[in-house]
Amino acid sequence: MKLGLMFANTGAMTTPEGAAEVARHAEQAGFESIWTVEHVVVPAGYESTYPYSRSGRMSGGEDAPIPDPLIWLSFVAAHTERLKLATGMLILPQRSPLITAKELATLDVLSHGRVVLGVGIGWLREEFEAIGAPFKGRGHRTEESIEAMRVLWAEDRPSYHGKTVAFHDARMWPKPLNRRIPVVLGGHGEHAARRAGRLGDGFFPGRSVPDEVKPLLAIMREEAEKAGRDPASIELTLGALPDRGFVEQLLEMGADRIVLAPAGRDVDSVKAGIDQAVDTLGALVTA
């Protein structure tokens, strides 16, 4: 099992000192990856329902700092050596896939190949409206953006012709270190599971309760087989609390990586939470 830290660019880690200190501590403690979240803006009084809490509202309120994930990860890359730099999740249909592909490739080169791209389609309609990106059709745009970015990363003379993304012989350099970046699909419903089965190098469902995760995994694996893919090749990441019994249940379901939320409001308490998680789960962790 690999161990990751999620919501990494929030709370105590929004300052340069906090980001650097926590990231270095996580790496030294044996964490494999660090995962950021993204919101460009949070329109005050939004009416969209946040799908990951009973209240339908994001924790932290509308004024909590959320640094740009790619710039934040670039800063963290300079303060670490091995830690995988993951987005969890980047809201891809709000972005130009060409600009995003270039940013990610650059970060991957400068970090010696440590980037993992987690993407979601987004849920906050008001944010899309503020940015000027269409909310409708965001799932299809996400799929085409992933395909287009993979072409840009892999090919010397990239061309792609879709309904929402199109370019011909659009040269893009540098390329990622391995001419690819792992793409992890996030989400909490059937469409997300199917998208992961068709396109994902990994799947990070926004659910952790086994009875909620199992149906999504079945859908993902069925879709992978329909696409001629080996379901076992799709890496499974699940969020959890640092409870060994609960984590063991997730591992029995096939989890490859467990990501934990920071415990505490300040740097010292987050670091203590990291140490406690390693003490609790250390025997299950692989390098």
# chains A, B, ... in the order shown; residues from 1 in each chain; ligands from 1
>>> residues_around(residues="region 180-195 of chain A", least_positions_apart="5", cutoff="6 Å", atoms="only C-alpha atoms", output="mmCIF file with C-alpha atoms, in the first residue's frame")
data_model
loop_
_atom_site.group_PDB
_atom_site.id
_atom_site.type_symbol
_atom_site.label_atom_id
_atom_site.label_comp_id
_atom_site.auth_asym_id
_atom_site.auth_seq_id
_atom_site.Cartn_x
_atom_site.Cartn_y
_atom_site.Cartn_z
ATOM 1 C CA VAL A 116 0.439 12.496 -11.216
ATOM 2 C CA LEU A 117 -2.571 14.185 -12.818
ATOM 3 C CA GLY A 118 -5.838 13.622 -10.984
ATOM 4 C CA VAL A 119 -8.795 15.162 -12.803
ATOM 5 C CA GLY A 120 -12.458 15.726 -12.091
ATOM 6 C CA TRP A 153 2.964 14.611 -24.456
ATOM 7 C CA GLY A 200 -7.759 6.176 -16.454
ATOM 8 C CA ASP A 201 -4.356 5.053 -15.338
ATOM 9 C CA GLY A 202 -6.009 5.247 -11.949
ATOM 10 C CA PHE A 203 -9.360 5.749 -10.240
ATOM 11 C CA PHE A 204 -9.920 7.878 -7.134
ATOM 12 C CA PRO A 205 -13.613 7.613 -6.227
ATOM 13 C CA GLY A 206 -14.934 10.329 -3.966
ATOM 14 C CA LEU A 216 -18.269 1.854 -8.423
ATOM 15 C CA MET A 220 -15.091 0.646 -13.511
ATOM 16 C CA GLU A 223 -16.062 -0.699 -18.461
#
>>> residues_around(residues="Met58 (chain A)", least_positions_apart="2", cutoff="12 Å", atoms="only C-alpha atoms", output="PyMOL selection string")
chain A and resi 37+39+42+44-56+60-64+123-124
>>> write_last_selection(atoms="N, CA and C atoms", output="PDB file, in the first residue's frame")
ATOM      1  N   VAL A  37      -6.008  20.170  -4.059  1.00  0.00           N
ATOM      2  CA  VAL A  37      -7.367  20.428  -4.541  1.00  0.00           C
ATOM      3  C   VAL A  37      -7.352  21.703  -5.372  1.00  0.00           C
ATOM      4  N   HIS A  39      -9.895  25.150  -6.645  1.00  0.00           N
ATOM      5  CA  HIS A  39     -11.010  26.033  -6.976  1.00  0.00           C
ATOM      6  C   HIS A  39     -10.398  27.383  -7.323  1.00  0.00           C
ATOM      7  N   VAL A  42     -14.647  30.714  -5.503  1.00  0.00           N
ATOM      8  CA  VAL A  42     -15.834  30.125  -4.880  1.00  0.00           C
ATOM      9  C   VAL A  42     -16.865  31.250  -4.768  1.00  0.00           C
ATOM     10  N   ALA A  44     -19.660  33.529  -3.713  1.00  0.00           N
ATOM     11  CA  ALA A  44     -20.365  33.633  -2.431  1.00  0.00           C
ATOM     12  C   ALA A  44     -21.835  33.254  -2.598  1.00  0.00           C
ATOM     13  N   GLY A  45     -22.336  32.480  -1.640  1.00  0.00           N
ATOM     14  CA  GLY A  45     -23.738  32.087  -1.654  1.00  0.00           C
ATOM     15  C   GLY A  45     -24.082  31.076  -2.726  1.00  0.00           C
ATOM     16  N   TYR A  46     -23.103  30.297  -3.182  1.00  0.00           N
ATOM     17  CA  TYR A  46     -23.372  29.324  -4.246  1.00  0.00           C
ATOM     18  C   TYR A  46     -24.504  28.373  -3.857  1.00  0.00           C
ATOM     19  N   GLU A  47     -25.264  27.975  -4.860  1.00  0.00           N
ATOM     20  CA  GLU A  47     -26.408  27.087  -4.641  1.00  0.00           C
ATOM     21  C   GLU A  47     -26.132  25.645  -5.049  1.00  0.00           C
ATOM     22  N   SER A  48     -25.046  25.405  -5.782  1.00  0.00           N
ATOM     23  CA  SER A  48     -24.692  24.036  -6.163  1.00  0.00           C
ATOM     24  C   SER A  48     -24.416  23.209  -4.909  1.00  0.00           C
ATOM     25  N   THR A  49     -24.716  21.924  -5.001  1.00  0.00           N
ATOM     26  CA  THR A  49     -24.533  21.031  -3.853  1.00  0.00           C
ATOM     27  C   THR A  49     -23.160  20.381  -3.891  1.00  0.00           C
ATOM     28  N   TYR A  50     -22.379  20.601  -2.860  1.00  0.00           N
ATOM     29  CA  TYR A  50     -21.090  19.920  -2.723  1.00  0.00           C
ATOM     30  C   TYR A  50     -21.370  18.444  -2.429  1.00  0.00           C
ATOM     31  N   PRO A  51     -20.887  17.527  -3.290  1.00  0.00           N
ATOM     32  CA  PRO A  51     -21.337  16.134  -3.175  1.00  0.00           C
ATOM     33  C   PRO A  51     -20.620  15.308  -2.116  1.00  0.00           C
ATOM     34  N   TYR A  52     -19.666  15.895  -1.390  1.00  0.00           N
ATOM     35  CA  TYR A  52     -18.849  15.091  -0.483  1.00  0.00           C
ATOM     36  C   TYR A  52     -19.065  15.419   0.991  1.00  0.00           C
ATOM     37  N   SER A  53     -20.183  16.071   1.304  1.00  0.00           N
ATOM     38  CA  SER A  53     -20.534  16.285   2.701  1.00  0.00           C
ATOM     39  C   SER A  53     -22.044  16.284   2.833  1.00  0.00           C
ATOM     40  N   ARG A  54     -22.518  15.928   4.008  1.00  0.00           N
ATOM     41  CA  ARG A  54     -23.962  15.869   4.240  1.00  0.00           C
ATOM     42  C   ARG A  54     -24.601  17.252   4.162  1.00  0.00           C
ATOM     43  N   SER A  55     -23.832  18.278   4.492  1.00  0.00           N
ATOM     44  CA  SER A  55     -24.374  19.636   4.489  1.00  0.00           C
ATOM     45  C   SER A  55     -24.532  20.195   3.083  1.00  0.00           C
ATOM     46  N   GLY A  56     -23.830  19.604   2.125  1.00  0.00           N
ATOM     47  CA  GLY A  56     -23.842  20.142   0.764  1.00  0.00           C
ATOM     48  C   GLY A  56     -22.960  21.356   0.593  1.00  0.00           C
ATOM     49  N   GLY A  60     -14.543  24.794   5.487  1.00  0.00           N
ATOM     50  CA  GLY A  60     -13.643  25.936   5.400  1.00  0.00           C
ATOM     51  C   GLY A  60     -14.301  27.217   4.954  1.00  0.00           C
ATOM     52  N   GLY A  61     -15.493  27.119   4.375  1.00  0.00           N
ATOM     53  CA  GLY A  61     -16.194  28.322   3.959  1.00  0.00           C
ATOM     54  C   GLY A  61     -15.701  28.866   2.631  1.00  0.00           C
ATOM     55  N   GLU A  62     -16.290  29.975   2.217  1.00  0.00           N
ATOM     56  CA  GLU A  62     -16.026  30.543   0.901  1.00  0.00           C
ATOM     57  C   GLU A  62     -14.730  31.347   0.844  1.00  0.00           C
ATOM     58  N   ASP A  63     -14.167  31.690   2.001  1.00  0.00           N
ATOM     59  CA  ASP A  63     -12.983  32.549   2.032  1.00  0.00           C
ATOM     60  C   ASP A  63     -11.706  31.808   2.411  1.00  0.00           C
ATOM     61  N   ALA A  64     -11.766  30.484   2.500  1.00  0.00           N
ATOM     62  CA  ALA A  64     -10.559  29.718   2.826  1.00  0.00           C
ATOM     63  C   ALA A  64      -9.583  29.756   1.651  1.00  0.00           C
ATOM     64  N   TRP A 123     -18.139  20.363  -9.949  1.00  0.00           N
ATOM     65  CA  TRP A 123     -19.528  20.327  -9.466  1.00  0.00           C
ATOM     66  C   TRP A 123     -20.105  21.724  -9.235  1.00  0.00           C
ATOM     67  N   LEU A 124     -19.219  22.744  -9.160  1.00  0.00           N
ATOM     68  CA  LEU A 124     -19.644  24.084  -8.757  1.00  0.00           C
ATOM     69  C   LEU A 124     -20.003  24.912 -10.004  1.00  0.00           C
TER      70      LEU A 124
END
>>> closest_residue(among="A:Ala255, A:Arg229, A:Lys102, A:Arg244", to="Lys214 (chain A)", atoms="only C-alpha atoms")
A:Ala255
>>> atom_distance(atom1="CA of Glu143 (chain A)", atom2="CA of Met253 (chain A)")
26.5 Å
